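Visitor: Please find input_0.cif (mmCIF, C-alpha atoms and all ligand atoms) on the next line:
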```
data_data
loop_
_atom_site.label_atom_id
_atom_site.label_comp_id
_atom_site.auth_asym_id
_atom_site.auth_seq_id
_atom_site.Cartn_x
_atom_site.Cartn_y
_atom_site.Cartn_z
CA MET A 17 -62.53 -29.96 -143.05
CA ASN A 18 -60.24 -31.57 -145.54
CA SER A 19 -58.13 -34.52 -144.54
CA ASN A 20 -54.41 -33.96 -144.13
CA ALA A 21 -53.82 -35.87 -147.36
CA ALA A 22 -56.19 -33.55 -149.23
CA ILE A 23 -54.44 -30.48 -147.80
CA LEU A 24 -51.06 -31.84 -148.92
CA ASN A 25 -52.41 -32.45 -152.40
CA GLN A 26 -53.49 -28.81 -152.53
CA LEU A 27 -50.02 -27.73 -151.38
CA LYS A 28 -48.50 -29.91 -154.11
CA GLU A 29 -50.69 -28.14 -156.69
CA PHE A 30 -49.52 -24.77 -155.34
CA ILE A 31 -45.84 -25.81 -155.54
CA ALA A 32 -46.29 -27.09 -159.11
CA PHE A 33 -46.42 -23.53 -160.52
CA SER A 34 -42.84 -22.59 -161.41
CA THR A 35 -43.25 -19.03 -160.17
CA VAL A 36 -39.62 -17.94 -160.44
CA SER A 37 -39.88 -14.16 -160.23
CA SER A 38 -36.35 -13.50 -161.48
CA ASP A 39 -37.12 -15.32 -164.73
CA GLU A 40 -39.27 -13.28 -167.11
CA LYS A 41 -40.29 -16.46 -168.90
CA SER A 42 -42.27 -17.45 -165.79
CA TRP A 43 -44.97 -14.82 -166.32
CA GLN A 44 -47.52 -17.35 -167.53
CA GLN A 45 -46.95 -19.53 -164.47
CA MET A 46 -47.38 -16.41 -162.33
CA LEU A 47 -50.77 -15.76 -163.89
CA LEU A 48 -51.87 -19.39 -163.52
CA CYS A 49 -50.73 -19.38 -159.90
CA VAL A 50 -52.65 -16.21 -158.96
CA GLN A 51 -55.76 -17.64 -160.64
CA TRP A 52 -55.31 -20.82 -158.63
CA LEU A 53 -54.99 -18.81 -155.41
CA ARG A 54 -58.04 -16.75 -156.29
CA LYS A 55 -60.11 -19.88 -156.90
CA HIS A 56 -58.81 -21.44 -153.70
CA PHE A 57 -59.72 -18.40 -151.60
CA ILE A 58 -63.23 -18.42 -153.08
CA GLU A 59 -63.57 -22.15 -152.38
CA ILE A 60 -62.59 -21.80 -148.71
CA GLY A 61 -65.23 -19.09 -148.33
CA MET A 62 -63.37 -15.76 -148.35
CA ARG A 63 -65.90 -13.02 -149.03
CA ARG A 64 -63.80 -10.82 -151.30
CA VAL A 65 -60.91 -11.87 -153.52
CA ASN A 66 -59.04 -9.61 -155.94
CA ILE A 67 -56.06 -9.83 -158.21
CA PHE A 68 -54.27 -6.50 -158.54
CA SER A 69 -51.64 -5.79 -161.14
CA THR A 70 -48.48 -4.02 -159.98
CA SER A 71 -45.32 -2.86 -161.72
CA ALA A 72 -44.03 -6.42 -161.10
CA ASN A 73 -46.13 -9.59 -160.65
CA PRO A 74 -49.78 -9.42 -159.53
CA VAL A 75 -50.80 -9.22 -155.88
CA VAL A 76 -53.59 -11.46 -154.56
CA TYR A 77 -55.86 -9.91 -151.95
CA ALA A 78 -58.53 -11.75 -149.99
CA GLU A 79 -60.66 -10.75 -147.03
CA TYR A 80 -63.31 -11.97 -144.64
CA LEU A 81 -64.65 -9.12 -142.57
CA VAL A 82 -66.96 -9.95 -139.69
CA ASN A 83 -67.38 -6.85 -137.61
CA PRO A 84 -65.75 -3.43 -137.91
CA SER A 85 -65.20 -3.31 -134.16
CA PHE A 86 -63.19 -6.56 -134.21
CA LYS A 87 -59.43 -6.65 -134.57
CA THR A 88 -58.19 -7.16 -138.13
CA VAL A 89 -55.31 -9.53 -138.82
CA LEU A 90 -53.48 -9.22 -142.13
CA PHE A 91 -51.53 -12.28 -143.28
CA TYR A 92 -48.69 -11.61 -145.69
CA GLY A 93 -46.95 -14.19 -147.86
CA HIS A 94 -45.41 -14.61 -151.30
CA TYR A 95 -46.14 -17.05 -154.10
CA ASP A 96 -42.95 -16.38 -156.05
CA VAL A 97 -39.88 -18.55 -155.57
CA GLN A 98 -36.15 -18.62 -156.20
CA PRO A 99 -34.80 -20.29 -159.36
CA ALA A 100 -34.42 -24.07 -159.06
CA ASP A 101 -30.79 -24.01 -160.28
CA PRO A 102 -28.81 -26.17 -160.24
CA VAL A 103 -31.69 -28.44 -161.27
CA ASN A 104 -29.47 -31.52 -161.63
CA LYS A 105 -28.63 -31.38 -157.91
CA TRP A 106 -32.26 -32.04 -156.92
CA HIS A 107 -33.25 -35.59 -155.95
CA SER A 108 -36.81 -34.97 -157.18
CA PRO A 109 -38.17 -32.49 -159.74
CA PRO A 110 -38.31 -29.03 -158.08
CA PHE A 111 -41.84 -28.27 -159.27
CA LYS A 112 -43.31 -31.72 -158.70
CA ALA A 113 -43.49 -31.93 -154.93
CA VAL A 114 -42.87 -35.30 -153.29
CA ILE A 115 -43.39 -36.41 -149.72
CA LYS A 116 -40.66 -38.46 -148.08
CA ASP A 117 -39.91 -39.18 -144.42
CA ASN A 118 -42.24 -36.51 -143.01
CA TYR A 119 -40.95 -33.82 -145.37
CA ILE A 120 -42.44 -32.28 -148.50
CA TYR A 121 -39.76 -31.53 -151.09
CA GLY A 122 -40.11 -28.89 -153.81
CA ARG A 123 -39.16 -25.31 -154.67
CA GLY A 124 -41.18 -23.05 -152.37
CA ALA A 125 -41.99 -25.88 -149.92
CA SER A 126 -40.80 -23.69 -147.05
CA ASP A 127 -40.08 -20.35 -148.80
CA ASP A 128 -42.81 -19.38 -148.84
CA LYS A 129 -45.65 -21.43 -150.31
CA GLY A 130 -45.71 -23.98 -147.48
CA GLN A 131 -45.60 -21.34 -144.74
CA LEU A 132 -48.20 -19.18 -146.48
CA PHE A 133 -50.47 -22.19 -146.91
CA ILE A 134 -50.46 -22.65 -143.12
CA HIS A 135 -52.32 -19.33 -142.77
CA ILE A 136 -54.79 -20.18 -145.52
CA LYS A 137 -55.59 -23.58 -144.01
CA ALA A 138 -55.92 -22.13 -140.49
CA VAL A 139 -58.46 -19.58 -141.71
CA GLU A 140 -60.28 -22.29 -143.67
CA LYS A 141 -60.49 -24.45 -140.56
CA LEU A 142 -62.00 -21.58 -138.57
CA LEU A 143 -64.45 -20.74 -141.35
CA LYS A 144 -65.59 -24.35 -141.51
CA SER A 145 -65.91 -24.72 -137.73
CA GLY A 146 -69.44 -23.35 -137.92
CA LYS A 147 -68.67 -20.53 -135.49
CA PRO A 148 -68.29 -16.92 -136.62
CA LEU A 149 -64.72 -15.72 -137.04
CA PRO A 150 -63.51 -13.90 -133.91
CA VAL A 151 -61.43 -11.41 -135.94
CA ASN A 152 -61.46 -9.84 -139.40
CA ILE A 153 -59.04 -11.51 -141.80
CA LYS A 154 -57.11 -10.07 -144.75
CA PHE A 155 -54.52 -11.71 -146.99
CA LEU A 156 -51.86 -9.87 -148.96
CA ILE A 157 -49.88 -12.20 -151.21
CA GLU A 158 -47.21 -10.84 -153.48
CA GLY A 159 -45.28 -12.36 -156.36
CA ALA A 160 -42.02 -10.45 -156.28
CA GLU A 161 -40.53 -11.03 -152.83
CA GLU A 162 -37.51 -12.85 -154.21
CA ILE A 163 -36.69 -9.87 -156.44
CA GLY A 164 -36.82 -7.32 -153.64
CA SER A 165 -40.62 -6.94 -153.43
CA ALA A 166 -40.65 -4.85 -156.59
CA GLY A 167 -43.92 -2.89 -156.85
CA LEU A 168 -45.11 -3.78 -153.35
CA LYS A 169 -44.24 -0.48 -151.66
CA HIS A 170 -46.31 1.42 -154.20
CA PHE A 171 -49.14 -1.11 -153.98
CA ILE A 172 -49.37 -0.83 -150.18
CA ALA A 173 -49.22 2.96 -150.32
CA VAL A 174 -52.02 3.14 -152.90
CA HIS A 175 -54.20 0.54 -151.11
CA LYS A 176 -53.56 1.70 -147.58
CA GLU A 177 -57.25 1.84 -146.73
CA LEU A 178 -58.00 -1.61 -148.16
CA LEU A 179 -55.11 -3.11 -146.20
CA ARG A 180 -55.93 -1.35 -142.93
CA CYS A 181 -55.41 -3.76 -140.02
CA ASP A 182 -54.31 -3.98 -136.39
CA VAL A 183 -51.49 -6.44 -136.87
CA ALA A 184 -49.67 -8.02 -139.80
CA VAL A 185 -48.40 -11.58 -139.60
CA VAL A 186 -45.53 -12.82 -141.72
CA SER A 187 -44.46 -16.46 -141.81
CA ASP A 188 -41.32 -16.41 -143.91
CA THR A 189 -38.69 -17.07 -141.24
CA LYS A 190 -37.16 -19.96 -139.32
CA MET A 191 -37.77 -21.63 -136.00
CA ALA A 192 -34.94 -22.04 -133.47
CA GLY A 193 -35.01 -25.85 -133.91
CA ILE A 194 -37.31 -28.63 -135.05
CA SER A 195 -39.47 -28.40 -131.92
CA SER A 196 -38.46 -24.94 -130.76
CA PRO A 197 -40.74 -22.14 -132.03
CA ALA A 198 -39.30 -18.68 -132.57
CA ILE A 199 -40.44 -15.14 -133.16
CA THR A 200 -38.06 -13.08 -135.24
CA TYR A 201 -37.57 -9.51 -134.05
CA SER A 202 -35.06 -8.23 -136.56
CA LEU A 203 -34.23 -8.81 -140.20
CA ARG A 204 -31.25 -7.63 -142.20
CA GLY A 205 -31.73 -5.36 -145.19
CA SER A 206 -30.56 -6.29 -148.65
CA LEU A 207 -28.95 -4.79 -151.72
CA ASN A 208 -28.00 -6.56 -154.94
CA ALA A 209 -25.43 -5.36 -157.42
CA ALA A 210 -24.26 -6.74 -160.75
CA ILE A 211 -20.92 -5.38 -161.99
CA CYS A 212 -20.00 -6.12 -165.58
CA ILE A 213 -16.61 -5.17 -166.95
CA LYS A 214 -15.30 -5.10 -170.52
CA THR A 215 -11.63 -5.02 -171.43
CA GLY A 216 -12.03 -5.00 -175.22
CA SER A 217 -14.43 -5.82 -177.99
CA LYS A 218 -13.97 -9.58 -178.47
CA ASP A 219 -12.49 -12.75 -176.96
CA LEU A 220 -8.89 -13.24 -178.10
CA HIS A 221 -6.73 -16.28 -178.95
CA SER A 222 -4.61 -17.00 -175.88
CA GLY A 223 -1.65 -18.09 -178.00
CA THR A 224 -1.63 -15.04 -180.25
CA PHE A 225 -2.52 -12.44 -177.62
CA GLY A 226 -1.74 -14.06 -174.24
CA GLY A 227 0.92 -11.96 -172.54
CA TYR A 228 0.09 -8.47 -173.69
CA VAL A 229 -3.68 -8.00 -173.43
CA PRO A 230 -5.76 -7.64 -170.24
CA ASN A 231 -8.05 -10.45 -169.21
CA ALA A 232 -11.55 -9.52 -168.00
CA ALA A 233 -11.71 -12.60 -165.74
CA LEU A 234 -8.47 -11.61 -163.99
CA THR A 235 -9.52 -7.95 -163.69
CA LEU A 236 -12.78 -9.09 -162.14
CA CYS A 237 -11.06 -11.44 -159.67
CA ASN A 238 -8.72 -8.66 -158.54
CA PHE A 239 -11.72 -6.40 -158.09
CA ILE A 240 -13.58 -9.03 -156.04
CA SER A 241 -10.61 -9.58 -153.73
CA SER A 242 -10.43 -5.79 -153.20
CA LEU A 243 -13.92 -5.92 -151.72
CA TYR A 244 -12.62 -7.70 -148.62
CA ASN A 245 -9.95 -6.97 -146.02
CA ALA A 246 -7.59 -9.64 -144.69
CA ASP A 247 -9.80 -10.09 -141.60
CA ASP A 248 -12.86 -10.84 -143.82
CA THR A 249 -14.45 -7.45 -143.17
CA ILE A 250 -15.80 -5.46 -146.13
CA ALA A 251 -13.33 -3.05 -147.69
CA VAL A 252 -15.77 -0.63 -149.37
CA PRO A 253 -14.79 2.73 -147.77
CA GLY A 254 -17.47 4.01 -145.38
CA PHE A 255 -19.35 0.69 -145.37
CA TYR A 256 -19.36 0.34 -141.56
CA ASP A 257 -20.00 4.04 -140.77
CA ASP A 258 -23.65 3.52 -139.78
CA VAL A 259 -23.38 0.04 -138.27
CA LYS A 260 -24.47 0.04 -134.64
CA ILE A 261 -22.05 -1.61 -132.23
CA PRO A 262 -24.15 -4.01 -130.14
CA SER A 263 -24.27 -3.32 -126.41
CA GLN A 264 -23.02 -5.92 -123.96
CA HIS A 265 -26.62 -6.46 -122.89
CA GLU A 266 -27.72 -7.15 -126.47
CA ARG A 267 -24.86 -9.58 -127.01
CA GLU A 268 -25.76 -11.41 -123.83
CA PHE A 269 -29.42 -11.61 -124.94
CA ILE A 270 -28.34 -13.00 -128.31
CA GLN A 271 -26.05 -15.49 -126.63
CA ALA A 272 -28.87 -16.68 -124.37
CA ASN A 273 -31.57 -16.74 -127.06
CA GLY A 274 -29.65 -17.18 -130.29
CA ILE A 275 -28.80 -20.35 -132.13
CA PRO A 276 -25.58 -22.03 -130.88
CA ASP A 277 -22.52 -22.03 -133.16
CA LYS A 278 -22.50 -25.82 -133.23
CA LYS A 279 -25.99 -25.98 -134.74
CA LEU A 280 -25.23 -23.21 -137.23
CA LEU A 281 -22.10 -25.02 -138.32
CA ASN A 282 -24.06 -28.21 -138.75
CA ASP A 283 -26.86 -26.45 -140.67
CA ALA A 284 -24.36 -24.98 -143.12
CA GLY A 285 -22.51 -28.23 -143.82
CA VAL A 286 -19.32 -26.28 -144.65
CA PHE A 287 -15.74 -27.53 -144.27
CA THR A 288 -14.23 -24.38 -142.76
CA LEU A 289 -15.44 -21.17 -141.17
CA TRP A 290 -15.13 -17.66 -142.54
CA GLY A 291 -15.91 -14.16 -141.30
CA GLU A 292 -15.34 -11.78 -138.44
CA LYS A 293 -13.68 -13.80 -135.70
CA LYS A 294 -14.67 -11.52 -132.84
CA TYR A 295 -18.36 -12.30 -133.37
CA SER A 296 -20.22 -15.57 -132.84
CA LEU A 297 -21.62 -17.27 -135.95
CA HIS A 298 -25.14 -16.18 -135.02
CA GLU A 299 -23.96 -12.57 -134.59
CA ARG A 300 -22.05 -12.68 -137.88
CA SER A 301 -25.19 -13.72 -139.71
CA THR A 302 -27.67 -11.44 -137.93
CA ILE A 303 -26.34 -8.25 -136.31
CA ARG A 304 -23.30 -7.85 -138.57
CA PRO A 305 -23.61 -6.92 -142.25
CA SER A 306 -22.30 -9.22 -144.94
CA LEU A 307 -21.28 -9.20 -148.56
CA SER A 308 -21.61 -12.38 -150.60
CA VAL A 309 -20.40 -13.04 -154.11
CA THR A 310 -23.44 -14.86 -155.49
CA GLY A 311 -22.31 -15.40 -159.08
CA ILE A 312 -19.35 -15.00 -161.41
CA ASN A 313 -19.51 -15.25 -165.16
CA ALA A 314 -16.39 -15.08 -167.31
CA GLY A 315 -14.76 -17.09 -170.06
CA PHE A 316 -15.56 -20.50 -171.41
CA GLN A 317 -17.88 -22.54 -169.15
CA GLY A 318 -18.54 -25.51 -171.41
CA LYS A 319 -17.03 -28.99 -171.40
CA GLY A 320 -13.36 -29.37 -172.31
CA THR A 321 -11.09 -26.43 -173.02
CA LYS A 322 -11.21 -23.35 -175.18
CA ASN A 323 -8.05 -21.27 -175.19
CA SER A 324 -9.33 -17.76 -175.45
CA ILE A 325 -9.01 -14.67 -173.30
CA PRO A 326 -12.42 -13.34 -172.17
CA PHE A 327 -13.09 -9.67 -172.85
CA THR A 328 -16.07 -9.48 -170.54
CA ALA A 329 -16.79 -10.66 -166.99
CA THR A 330 -19.64 -10.16 -164.51
CA VAL A 331 -19.97 -10.55 -160.77
CA LYS A 332 -23.21 -10.58 -158.82
CA LEU A 333 -23.07 -9.33 -155.26
CA ASN A 334 -25.52 -9.42 -152.38
CA PHE A 335 -25.17 -7.19 -149.32
CA ARG A 336 -27.08 -7.89 -146.13
CA LEU A 337 -27.40 -4.73 -144.09
CA VAL A 338 -28.01 -3.99 -140.42
CA PRO A 339 -29.48 -0.97 -138.60
CA ASP A 340 -28.85 1.89 -139.51
CA GLN A 341 -27.36 1.14 -142.93
CA LEU A 342 -29.38 2.41 -145.89
CA PRO A 343 -29.25 0.41 -149.14
CA GLU A 344 -29.22 3.63 -151.24
CA LYS A 345 -26.15 4.91 -149.39
CA ILE A 346 -24.34 1.57 -149.68
CA ALA A 347 -25.03 1.54 -153.43
CA MET A 348 -23.41 4.98 -153.71
CA LEU A 349 -20.37 3.89 -151.67
CA LEU A 350 -19.93 0.80 -153.83
CA ASN A 351 -20.35 2.86 -156.96
CA ASP A 352 -17.54 5.23 -155.90
CA TYR A 353 -15.32 2.29 -155.02
CA VAL A 354 -15.93 0.56 -158.37
CA GLU A 355 -15.06 3.77 -160.22
CA LYS A 356 -11.86 4.12 -158.21
CA LEU A 357 -10.77 0.50 -158.75
CA LEU A 358 -11.84 0.05 -162.36
CA PRO A 359 -11.29 3.43 -163.97
CA GLY A 360 -10.25 2.35 -167.47
CA ALA A 361 -12.43 -0.64 -168.15
CA ALA A 362 -15.94 -0.08 -169.45
CA VAL A 363 -18.06 -0.91 -166.42
CA LYS A 364 -21.79 -1.43 -166.21
CA LYS A 365 -23.38 -1.39 -162.77
CA VAL A 366 -26.92 -2.50 -161.97
CA TYR A 367 -28.32 -2.17 -158.47
CA SER A 368 -31.55 -3.78 -157.26
CA SER A 369 -33.49 -4.97 -154.18
CA PHE A 370 -33.17 -1.89 -152.01
CA ASN A 371 -34.53 -3.32 -148.75
CA LYS A 372 -33.95 -1.62 -145.43
CA PRO A 373 -33.10 -3.59 -142.27
CA VAL A 374 -36.02 -3.77 -139.82
CA SER A 375 -36.63 -4.54 -136.18
CA ALA A 376 -39.92 -5.29 -134.46
CA ALA A 377 -41.00 -4.61 -130.89
CA VAL A 378 -41.03 -7.79 -128.78
CA SER A 379 -43.23 -6.31 -126.09
CA SER A 380 -46.47 -5.82 -128.09
CA PRO A 381 -49.56 -7.80 -127.02
CA TYR A 382 -49.66 -9.30 -130.53
CA VAL A 383 -46.19 -10.77 -130.10
CA LYS A 384 -47.29 -12.14 -126.74
CA ALA A 385 -50.38 -13.65 -128.40
CA ALA A 386 -48.12 -15.34 -130.96
CA ALA A 387 -45.60 -16.58 -128.38
CA ASN A 388 -48.41 -18.01 -126.28
CA ALA A 389 -50.00 -19.79 -129.28
CA TYR A 390 -46.65 -21.25 -130.28
CA SER A 391 -45.81 -22.53 -126.79
CA LYS A 392 -49.24 -24.06 -126.38
CA VAL A 393 -49.04 -26.07 -129.61
CA PHE A 394 -45.32 -26.93 -129.68
CA LYS A 395 -45.18 -27.43 -125.87
CA HIS A 396 -41.89 -25.54 -125.89
CA LYS A 397 -40.83 -22.04 -124.82
CA THR A 398 -40.86 -19.53 -127.69
CA ALA A 399 -37.45 -18.13 -128.56
CA PHE A 400 -36.84 -14.58 -129.77
CA LEU A 401 -34.39 -14.44 -132.63
CA GLN A 402 -32.67 -12.04 -134.92
CA ASN A 403 -32.67 -13.25 -138.50
CA GLY A 404 -30.05 -12.60 -141.14
CA GLY A 405 -32.55 -12.78 -143.99
CA THR A 406 -34.65 -10.06 -145.55
CA VAL A 407 -38.40 -9.74 -146.08
CA GLY A 408 -38.88 -6.42 -147.86
CA ALA A 409 -42.59 -6.30 -147.06
CA VAL A 410 -41.98 -6.00 -143.33
CA ASP A 411 -40.57 -2.49 -143.69
CA TYR A 412 -43.53 -1.38 -145.84
CA LEU A 413 -46.14 -2.93 -143.54
CA GLN A 414 -44.55 -1.28 -140.51
CA THR A 415 -43.98 2.13 -141.99
CA ILE A 416 -46.83 2.60 -144.48
CA LEU A 417 -49.63 0.76 -142.64
CA ASP A 418 -48.10 1.72 -139.30
CA VAL A 419 -48.92 -1.61 -137.64
CA PRO A 420 -46.88 -4.08 -135.59
CA VAL A 421 -45.58 -7.02 -137.62
CA VAL A 422 -45.34 -10.44 -136.01
CA LEU A 423 -42.79 -12.72 -137.65
CA MET A 424 -43.84 -16.27 -136.82
CA GLY A 425 -41.67 -18.69 -138.75
CA PHE A 426 -42.27 -22.41 -139.22
CA ALA A 427 -39.26 -23.34 -141.38
CA GLN A 428 -35.93 -24.85 -140.34
CA ALA A 429 -32.46 -23.50 -141.08
CA ASP A 430 -31.60 -26.69 -142.96
CA ASP A 431 -34.74 -26.61 -145.16
CA ASN A 432 -32.53 -25.73 -148.17
CA MET A 433 -34.36 -22.52 -148.93
CA HIS A 434 -32.84 -21.04 -152.12
CA ALA A 435 -30.96 -24.34 -152.71
CA PRO A 436 -31.65 -27.77 -154.25
CA ASP A 437 -33.93 -30.16 -152.32
CA GLU A 438 -35.88 -27.41 -150.57
CA LYS A 439 -38.11 -29.06 -147.98
CA PHE A 440 -40.60 -28.45 -145.21
CA TYR A 441 -41.16 -30.58 -142.10
CA LEU A 442 -44.79 -31.69 -142.30
CA PRO A 443 -45.50 -32.20 -138.59
CA ASN A 444 -44.64 -28.51 -138.16
CA PHE A 445 -46.81 -27.58 -141.12
CA PHE A 446 -49.81 -29.06 -139.29
CA ARG A 447 -48.70 -27.68 -135.90
CA GLY A 448 -48.42 -24.35 -137.69
CA ILE A 449 -52.10 -24.50 -138.65
CA ASP A 450 -53.05 -25.12 -135.01
CA THR A 451 -50.69 -22.34 -133.88
CA VAL A 452 -52.28 -19.79 -136.20
CA ILE A 453 -55.75 -20.81 -135.00
CA HIS A 454 -54.64 -20.30 -131.38
CA PHE A 455 -53.05 -16.99 -132.35
CA ILE A 456 -56.31 -15.76 -133.92
CA LYS A 457 -58.22 -16.78 -130.78
CA ASN A 458 -55.64 -14.99 -128.61
CA ILE A 459 -56.08 -11.84 -130.70
CA SER A 460 -59.83 -11.98 -130.15
CA ALA A 461 -59.11 -12.26 -126.41
CA ILE A 462 -57.10 -9.01 -126.64
CA GLN A 463 -60.08 -7.28 -128.17
CA ASN A 464 -62.37 -8.67 -125.47
CA VAL A 465 -60.07 -7.37 -122.74
CA ILE A 466 -59.97 -3.96 -124.40
CA LYS A 467 -63.78 -3.95 -124.74
CA SER A 468 -64.42 -4.93 -121.13
CA LYS A 469 -62.13 -2.08 -120.03
CA GLN A 470 -64.15 0.44 -122.02
ZN ZN B 501 -39.53 -15.95 -148.55
#
```
Please re-express this file's structure in structure tokens.
Ligand SMILES: [Zn+2]

Guide:
Amino acid sequence: MNSNAAILNQLKEFIAFSTVSSDEKSWQQMLLCVQWLRKHFIEIGMRRVNIFSTSANPVVYAEYLVNPSFKTVLFYGHYDVQPADPVNKWHSPPFKAVIKDNYIYGRGASDDKGQLFIHIKAVEKLLKSGKPLPVNIKFLIEGAEEIGSAGLKHFIAVHKELLRCDVAVVSDTKMAGISSPAITYSLRGSLNAAICIKTGSKDLHSGTFGGYVPNAALTLCNFISSLYNADDTIAVPGFYDDVKIPSQHEREFIQANGIPDKKLLNDAGVFTLWGEKKYSLHERSTIRPSLSVTGINAGFQGKGTKNSIPFTATVKLNFRLVPDQLPEKIAMLLNDYVEKLLPGAAVKKVYSSFNKPVSAAVSSPYVKAAANAYSKVFKHKTAFLQNGGTVGAVDYLQTILDVPVVLMGFAQADDNMHAPDEKFYLPNFFRGIDTVIHFIKNISAIQNVIKSKQ
């Protein structure tokens, strides 16, 4: 087996590909990265490795099948990453990973290259142990997770037989704390919208025209403020119609198992709080839906001043949805609202990332196998958490392959995923490898129990 230093060098190589899926200019890096993964899978001894093209970036598939009567574990991960912007806020180059104080820094260190690499190294360790694998292994690695898993639904549907498994494992979530492992049992859905308004045909001199022409920046700001009520709830009519009100029992479970407000406040590093006051911070970011303004573009953004009135302005919005909200329905509701609020202005609307919210059963033997592996390695009780994030693949794995999905995360809330200085705590990277090995052994124990009952 490789030394830890050699494994970290491999992870550094993996991080070095600037696989930003939202940037079309990254396509060459995408291709280089999938070739690297392919080569790596062959080197560790996987028996079949394929690169499949999809309507978005290619999917990498690898397998090591031992015995058709054994359980089959499918590991899912993604090699694409978020943009590194703002690059000047990083303390080290985003695509040249550095190791400092037990952390590896770099874009994708925790989301999701580092977490995915845990699975790959665990399987490698088992393959090199000299003993036959106790389960069949499959890997499904996509390159479009950060853009709503474009193309993945179709890919899974077409390759249902190839991907057939007993359980899918996804490591793209967080732990409850640095030494407190956690299994995620629900994820919010997601919908992105970009609304672009035009109030004329060109920018205008603010001295000559200021006072009698509309301003796209102002129109946009008024529109944005109309998206929210005074109590920070979302003002799009009908938005809450399908939101389930949590039972007292559920709220008590979340209170007992969820992350305390104090930690969440600390993780965020914000100066004040915002949101629905009658819910705890954990509830606000997990079982309640949210709407975030993720970008605004209007007027002169350069250095100094330029006195002109912008004729165009764009806002980017991200909804996080909870059961039983459907992204398609929310897009329609927003569309109606935009048309009502901005009737005269020329408005362009683009919707993307239609991901449904999902929940996973906590009682399955696979979840128990994961919780047991976690507790054994981390020497800490496994928590069960709801997560406010979205992993589009989970819905497709559950519904198309019809298998339980175990969400075993190894990242921390303050790992700066999607932000500058993304990092991953290395002791947990290595504990993660041991955890996945234990998990695989636990799965083989399930199959032995089933067999001895037959
Ligand atoms: Zn991710």

Visitor: Could you check which of A:Thr328, A:Ser242, A:Asn18, A:Ser85 is closest to Val151 of chain A, using all atoms listed in the file?

Guide: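 Closest to Val151 of chain A, using all atoms listed in the file: A:Ser85.
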
Visitor: Give the residues close to ligand ZN 501 (chain B), within 6 Å, counting only C-alpha atoms and all ligand atoms; write them as a list in words.

Guide: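 Using only C-alpha atoms and all ligand atoms, I find these residues within 6 Å of ligand ZN 501 (chain B): Asp127, Asp128 and Asp188 of chain A.
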
Visitor: Quick one: residues within 7 Å of segment 409-411 of chain A, all atoms listed in the file counted, chain neighbours fewer than 5 positions away excluded, as a PDB file with C-alpha atoms, keeping the file's coordinate frame?

Guide:
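After the write, part_16.pdb holds the following:
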```pdb
ATOM      1  CA  SER A 165     -40.620  -6.940-153.430  1.00  0.00           C
ATOM      2  CA  LYS A 372     -33.950  -1.620-145.430  1.00  0.00           C
ATOM      3  CA  VAL A 374     -36.020  -3.770-139.820  1.00  0.00           C
ATOM      4  CA  VAL A 421     -45.580  -7.020-137.620  1.00  0.00           C
TER       5      VAL A 421
END
```

Visitor: Considering only C-alpha atoms, can you say which of A:Ile157, A:Ala461, A:Pro443, A:Asp437 comes closest to Lys105 of chain A?

Guide: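 The closest residue to Lys105 of chain A is A:Asp437.
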
Visitor: Considering all atoms listed in the file, state which residue in the set A:Ile303, A:Ala399, A:Ala113, A:Leu423 is at the smallest distance from Gly193 of chain A.

Guide: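 Using all atoms listed in the file, Gly193 of chain A sits closest to A:Ala399.
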
Visitor: Restricting the calculation to all atoms listed in the file: of A:Ala100, A:Leu81, A:Met191, A:Ala166, which residue gets closest to His396 of chain A?

Guide: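 Counting all atoms listed in the file, the residue closest to His396 of chain A is A:Met191.
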
Visitor: Hey, what's within 10 Å of Pro102 of chain A if we count all atoms listed in the file and toss same-chain stuff fewer than 4 positions away? As an MDAnalysis selection string, please?

Guide: chainID A and resid 106 435:436

Visitor: Report, in Å to a single decimal, how far apart atom CA of Arg447 of chain A and atom CA of Pro420 of chain A are.

Guide: 23.7 Å
